[in-house]
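Enquirer: I am sharing structure-v9.cif, which consists of mmCIF, C-alpha atoms:
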```cif
data_structure
#
loop_
_atom_site.group_PDB
_atom_site.id
_atom_site.type_symbol
_atom_site.label_atom_id
_atom_site.label_comp_id
_atom_site.auth_asym_id
_atom_site.auth_seq_id
_atom_site.Cartn_x
_atom_site.Cartn_y
_atom_site.Cartn_z
ATOM 1 C CA MET E 34 -7.489 6.082 -15.565
ATOM 2 C CA LEU E 35 -9.344 7.034 -12.403
ATOM 3 C CA TYR E 36 -12.920 8.146 -12.956
ATOM 4 C CA SER E 37 -14.728 10.511 -10.618
ATOM 5 C CA ASP E 38 -17.221 7.819 -9.583
ATOM 6 C CA LYS E 39 -14.299 5.941 -7.935
ATOM 7 C CA LEU E 40 -13.230 8.902 -5.772
ATOM 8 C CA PRO E 41 -15.613 8.121 -2.868
ATOM 9 C CA ASN E 42 -13.853 4.743 -2.516
ATOM 10 C CA LEU E 43 -10.459 6.318 -1.770
ATOM 11 C CA LYS E 44 -9.242 6.161 1.827
ATOM 12 C CA VAL E 45 -6.099 7.411 3.563
ATOM 13 C CA LYS E 46 -4.609 4.840 5.947
ATOM 14 C CA HIS E 47 -1.568 4.844 8.179
ATOM 15 C CA ILE E 48 1.027 2.324 7.003
ATOM 16 C CA SER E 49 0.432 0.220 10.143
ATOM 17 C CA LYS E 50 -3.192 -0.387 9.008
ATOM 18 C CA ILE E 51 -2.245 -1.748 5.556
ATOM 19 C CA LYS E 52 -3.022 -5.462 5.203
ATOM 20 C CA LYS E 53 -2.921 -8.221 2.631
ATOM 21 C CA GLY E 54 -5.555 -7.570 -0.037
ATOM 22 C CA ASN E 55 -5.548 -3.760 0.262
ATOM 23 C CA ILE E 56 -5.224 -1.986 -3.090
ATOM 24 C CA LEU E 57 -2.766 0.912 -2.982
ATOM 25 C CA VAL E 58 -3.458 3.734 -5.434
ATOM 26 C CA ASN E 59 -0.857 3.809 -8.254
ATOM 27 C CA LEU E 60 0.956 0.768 -6.818
ATOM 28 C CA GLY E 61 -1.256 -2.346 -6.790
ATOM 29 C CA MET E 62 -2.553 -5.035 -4.454
ATOM 30 C CA VAL E 63 -0.704 -5.862 -1.232
ATOM 31 C CA ILE E 64 0.367 -9.513 -1.138
ATOM 32 C CA GLU E 65 2.321 -9.311 2.110
ATOM 33 C CA ALA E 66 3.041 -6.683 4.795
ATOM 34 C CA GLU E 67 5.780 -6.909 7.418
ATOM 35 C CA GLU E 68 6.886 -4.527 10.180
ATOM 36 C CA PHE E 69 10.559 -3.977 11.022
ATOM 37 C CA ASP E 70 12.233 -1.718 13.601
ATOM 38 C CA ARG E 71 12.560 1.296 11.296
ATOM 39 C CA HIS E 72 10.193 0.612 8.396
ATOM 40 C CA TYR E 73 7.417 -1.476 6.892
ATOM 41 C CA THR E 74 8.007 -3.707 3.886
ATOM 42 C CA LEU E 75 5.152 -4.375 1.489
ATOM 43 C CA VAL E 76 5.155 -6.968 -1.269
ATOM 44 C CA ILE E 77 2.905 -5.595 -3.992
ATOM 45 C CA SER E 78 1.530 -7.184 -7.152
ATOM 46 C CA ARG E 79 2.385 -4.603 -9.799
ATOM 47 C CA LEU E 80 2.621 -5.055 -13.577
ATOM 48 C CA ASN E 81 2.212 -8.829 -13.183
ATOM 49 C CA GLU E 82 5.273 -8.981 -10.912
ATOM 50 C CA LYS E 83 5.899 -9.065 -7.180
ATOM 51 C CA GLN E 84 7.654 -5.900 -6.101
ATOM 52 C CA VAL E 85 9.064 -5.215 -2.634
ATOM 53 C CA MET E 86 8.771 -1.658 -1.340
ATOM 54 C CA LYS E 87 9.932 -0.137 1.938
ATOM 55 C CA PHE E 88 8.004 2.627 3.683
ATOM 56 C CA ASP E 89 8.862 4.808 6.675
ATOM 57 C CA LYS E 90 6.751 4.144 9.774
ATOM 58 C CA GLU E 91 5.312 7.676 9.706
ATOM 59 C CA ILE E 92 3.718 7.495 6.241
ATOM 60 C CA PHE E 93 0.056 7.500 5.220
ATOM 61 C CA ILE E 94 -1.049 5.706 2.039
ATOM 62 C CA VAL E 95 -4.078 6.164 -0.228
ATOM 63 C CA THR E 96 -6.053 2.942 -0.755
ATOM 64 C CA MET E 97 -9.182 1.889 -2.630
#
```
Reformat the file's structure so that it appears as structure tokens.

Expert:
Amino acid sequence: MLYSDKLPNLKVKHISKIKKGNILVNLGMVIEAEEFDRHYTLVISRLNEKQVMKFDKEIFIVTM
């Protein structure tokens, strides 16, 4: 659960600014980030597993 005292820590970042160690809201911690011609691929630690997710190059993501 997100408490109101954590809200000032939220930031909106363009996908190109996401780096290893960033925590993505509702997803988890970024383990790896890679740029491709048409998208970015992020490897995220989520639910004690590594999950690979693709994102369009135009997207903004909420981080902590």

Enquirer: The PyMOL selection byres ((chain E and resi 72) around 6) on the file shown: which residues, as a list in words?

Expert: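 Applied to this file, the PyMOL selection byres ((chain E and resi 72) around 6) selects Phe69, Arg71, Tyr73, Phe88, Asp89 and Lys90 of chain E.
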
Enquirer: So what does the PyMOL selection byres ((chain E and resi 63) around 10) actually pick up in this one, as a ChimeraX atom specification?

Expert: /E:51-57,60-62,64-66,75-79,83-85

Enquirer: Please dump the current selection as a PDB file, keeping the file's coordinate frame; keep C-alpha atoms.

Expert:
```pdb
ATOM      1  CA  ILE E  51      -2.245  -1.748   5.556  1.00  0.00           C
ATOM      2  CA  LYS E  52      -3.022  -5.462   5.203  1.00  0.00           C
ATOM      3  CA  LYS E  53      -2.921  -8.221   2.631  1.00  0.00           C
ATOM      4  CA  GLY E  54      -5.555  -7.570  -0.037  1.00  0.00           C
ATOM      5  CA  ASN E  55      -5.548  -3.760   0.262  1.00  0.00           C
ATOM      6  CA  ILE E  56      -5.224  -1.986  -3.090  1.00  0.00           C
ATOM      7  CA  LEU E  57      -2.766   0.912  -2.982  1.00  0.00           C
ATOM      8  CA  LEU E  60       0.956   0.768  -6.818  1.00  0.00           C
ATOM      9  CA  GLY E  61      -1.256  -2.346  -6.790  1.00  0.00           C
ATOM     10  CA  MET E  62      -2.553  -5.035  -4.454  1.00  0.00           C
ATOM     11  CA  ILE E  64       0.367  -9.513  -1.138  1.00  0.00           C
ATOM     12  CA  GLU E  65       2.321  -9.311   2.110  1.00  0.00           C
ATOM     13  CA  ALA E  66       3.041  -6.683   4.795  1.00  0.00           C
ATOM     14  CA  LEU E  75       5.152  -4.375   1.489  1.00  0.00           C
ATOM     15  CA  VAL E  76       5.155  -6.968  -1.269  1.00  0.00           C
ATOM     16  CA  ILE E  77       2.905  -5.595  -3.992  1.00  0.00           C
ATOM     17  CA  SER E  78       1.530  -7.184  -7.152  1.00  0.00           C
ATOM     18  CA  ARG E  79       2.385  -4.603  -9.799  1.00  0.00           C
ATOM     19  CA  LYS E  83       5.899  -9.065  -7.180  1.00  0.00           C
ATOM     20  CA  GLN E  84       7.654  -5.900  -6.101  1.00  0.00           C
ATOM     21  CA  VAL E  85       9.064  -5.215  -2.634  1.00  0.00           C
TER      22      VAL E  85
END
```

Enquirer: Would you mind reading off the distance between atom CA of Glu68 of chain E and atom CA of Ile94 of chain E, one decimal, in Å?

Expert: 15.3 Å

Enquirer: Please measure the separation of atom CA of His47 of chain E and atom CA of Phe93 of chain E, giving the value in Å to one decimal.

Expert: 4.3 Å

Enquirer: Give the padded box for segment 65-71 of chain E as JSON: axis-aligned, covering all atoms listed in the file, 5 Å on each side, centre and edge lengths in Å to one decimal.

Expert:
```
{"center_x": 7.4, "center_y": -4.0, "center_z": 7.9, "size_x": 20.2, "size_y": 20.6, "size_z": 21.5}
```

Enquirer: Using Å and a single decimal, report how far atom CA of Met97 of chain E sits from atom CA of Asp70 of chain E.

Expert: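 That distance, rounded to one decimal, is 27.1 Å.
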
Enquirer: Written as a PyMOL selection string, what is the full residue list that the PyMOL selection byres ((chain E and resi 43) around 6) yields on the file shown?

Expert: chain E and resi 40-42+44+96-97

Enquirer: Would you save the residues of that selection, restricted to C-alpha atoms, as a CSV table (one decimal), in the coordinates of the input?

Expert:
```csv
chain,number,residue,atom,x,y,z
E,40,LEU,CA,-13.2,8.9,-5.8
E,41,PRO,CA,-15.6,8.1,-2.9
E,42,ASN,CA,-13.9,4.7,-2.5
E,44,LYS,CA,-9.2,6.2,1.8
E,96,THR,CA,-6.1,2.9,-0.8
E,97,MET,CA,-9.2,1.9,-2.6
```
